[in-house]
Amino acid sequence: MQGSAGFDYGLLTPLAAYLMACLGAALGLRCVVRTVHAEKGRKAAWLALGAAALGCGIWSMHFIAMIGFSAPGATISYDAPLTVLSLVVAIVVVSIGMFIVGYRGVAPMTLATAGIITGLGVAGMHYLGMAAMQVNGTITYSNITVLLSVVIAVAAATAALWAAVSIRGFVPALLASLVMGVAVTGMHYTGMAAVDIHVHSGGSGFGDNAASLVLPMLLGPAVFLILAAVVVMFDPLLVAGDEQPAPRVSRPRTPVG
């Protein structure tokens with residue numbers, strides 16, 4: 001039987017999940033833009049901050065959305081180690097894509113590689129998080145829908161990274177974060193549409209339920225995103241209106257003769 005896909009609380013969890021994805025994407029992509037113009041000594045720090053923010057954002061989006069997921073007759077719980085591992089995977093794999101863009105530039109092949117890795121990181125986090133879900137039944141997936149969810153993640157992640165490193169200004173960066181938010185949440189709900197749960201009679205799930213595990217675990221990433229937002233907001237170049245090229249200084253001409 002199909003689950004609720006995450007709409008047990010109406011639009012509350014989808015909207016909250018989308019906003020969290022956009023926040024992580026906005027912070028992550030702004031850090032990518034910053035590294036394009038930052039000194040070499042600070043580039044790695046900005047990339048690490050951006051990757052952690054984006055990874056925390058997509059992880060938080062997934063489990064906020066999962067709070068609204070249920071299936072008739074199914075008891076859903078979560079395995080704590082796999083849940084934590086999904087967060088680690090999100091940050092590590094997204095970091096690879098971030099560092100590729102930060103150090104290799106915006107050439108088409110480089111950007112495509114970074115977009116593929118970042119998109120696969122989003123998808124990998126999702127399905128590892130789904131593996132952490134324990135139910136009194138069997139979970140199966142529609143292969144075609146799963147493939148579609150991965151394509152969505154890769155395509156939109158590539159587009160968002162291109163916008164972040166190619167277009168200057170606050171508004172383009174904001175639009176890029178909205179695209180990335182659509183990518184993450186769109187991939188999530190497309191992936192959830194692929195889920196089919198065959199509930200077993202009797203028995204129950206094991207591990208921790210969403211209320212006892214997911215909500216407390218969301219506190220750490222949420223606090224980190226707030227701190228990352230403070231760092232990004234108070235960066236001098238970002239406050240001044242994004243990184244603009246330094247003005248060219250014209251040298252006075254020496255009189256001839």
# chains A, B, ... in the order shown; residues from 1 in each chain; ligands from 1
>>> residues_around(residues="Val94 in chain A", least_positions_apart="6", cutoff="9 Å", atoms="only C-alpha atoms", output="JSON, numbers by chain")
{"A": [51, 52, 54, 55, 114, 117, 118, 119, 120, 121, 122]}
>>> write_last_selection(atoms="C-alpha atoms", output="PDB file, in the first residue's frame")
ATOM      1  CA  ALA A  51      29.037  22.153   2.471  1.00  0.00           C
ATOM      2  CA  ALA A  52      28.066  21.673   6.106  1.00  0.00           C
ATOM      3  CA  LEU A  54      23.874  22.587   2.596  1.00  0.00           C
ATOM      4  CA  GLY A  55      24.255  19.086   4.012  1.00  0.00           C
ATOM      5  CA  ALA A 114      30.148  18.980  -9.224  1.00  0.00           C
ATOM      6  CA  ILE A 117      28.161  14.610  -7.242  1.00  0.00           C
ATOM      7  CA  THR A 118      26.031  17.093  -5.304  1.00  0.00           C
ATOM      8  CA  GLY A 119      22.800  15.728  -6.767  1.00  0.00           C
ATOM      9  CA  LEU A 120      23.840  12.160  -6.024  1.00  0.00           C
ATOM     10  CA  GLY A 121      24.675  13.275  -2.500  1.00  0.00           C
ATOM     11  CA  VAL A 122      21.150  14.602  -2.058  1.00  0.00           C
TER      12      VAL A 122
END
>>> residues_around(residues="Ala163 in chain A", least_positions_apart="6", cutoff="9 Å", atoms="only C-alpha atoms", output="ChimeraX atom specification")
/A:29,172-173,175-176
>>> closest_residue(among="A:Cys31, A:Met20, A:Met130, A:Met125", to="Val101 in chain A", atoms="only C-alpha atoms")
A:Cys31
>>> residues_around(residues="Leu147 in chain A", least_positions_apart="5", cutoff="9 Å", atoms="only C-alpha atoms", output="PyMOL selection string")
chain A and resi 142+152+191
>>> select_by_dssp(residues="range 9-228 of chain A", states="helix (DSSP H, G or I)", output="PyMOL selection string")
chain A and resi 12-37+40-67+80-104+108-131+143-166+170-193+210-228
>>> closest_residue(among="A:Ala21, A:Ala155, A:Ala228, A:Val195", to="Ser60 in chain A", atoms="only C-alpha atoms")
A:Ala21
>>> closest_residue(among="A:Ser95, A:Thr110, A:Gln134, A:Thr140", to="Ala80 in chain A", atoms="only C-alpha atoms")
A:Gln134
>>> select_by_dssp(residues="range 37-135 of chain A", states="strand (DSSP E or B)", output="ChimeraX atom specification")
/A:76-78,133-135
>>> write_last_selection(atoms="N, CA, C and O atoms", output="mmCIF file, in the first residue's frame")
data_model
loop_
_atom_site.group_PDB
_atom_site.id
_atom_site.type_symbol
_atom_site.label_atom_id
_atom_site.label_comp_id
_atom_site.auth_asym_id
_atom_site.auth_seq_id
_atom_site.Cartn_x
_atom_site.Cartn_y
_atom_site.Cartn_z
ATOM 1 N N ILE A 76 5.935 3.001 12.283
ATOM 2 C CA ILE A 76 7.186 3.520 11.733
ATOM 3 C C ILE A 76 8.104 3.985 12.848
ATOM 4 O O ILE A 76 7.680 4.699 13.767
ATOM 5 N N SER A 77 9.334 3.548 12.803
ATOM 6 C CA SER A 77 10.360 3.993 13.739
ATOM 7 C C SER A 77 11.662 4.169 12.966
ATOM 8 O O SER A 77 11.727 3.899 11.767
ATOM 9 N N TYR A 78 12.709 4.642 13.658
ATOM 10 C CA TYR A 78 13.959 4.958 12.975
ATOM 11 C C TYR A 78 15.150 4.363 13.710
ATOM 12 O O TYR A 78 15.178 4.338 14.944
ATOM 13 N N MET A 133 14.493 3.914 8.204
ATOM 14 C CA MET A 133 13.092 3.773 8.607
ATOM 15 C C MET A 133 12.746 2.299 8.779
ATOM 16 O O MET A 133 12.942 1.501 7.872
ATOM 17 N N GLN A 134 12.254 1.942 9.943
ATOM 18 C CA GLN A 134 11.894 0.571 10.263
ATOM 19 C C GLN A 134 10.375 0.476 10.378
ATOM 20 O O GLN A 134 9.751 1.276 11.073
ATOM 21 N N VAL A 135 9.785 -0.467 9.694
ATOM 22 C CA VAL A 135 8.340 -0.660 9.726
ATOM 23 C C VAL A 135 8.025 -2.132 9.921
ATOM 24 O O VAL A 135 8.867 -3.007 9.675
#
>>> atom_distance(atom1="CA of Met61 in chain A", atom2="CA of Ile144 in chain A")
23.1 Å
>>> atom_distance(atom1="CA of Pro72 in chain A", atom2="CA of Val199 in chain A")
8.3 Å
>>> closest_residue(among="A:Ile100, A:Ala153, A:Val184, A:Val93", to="Ala17 in chain A", atoms="only C-alpha atoms")
A:Val184
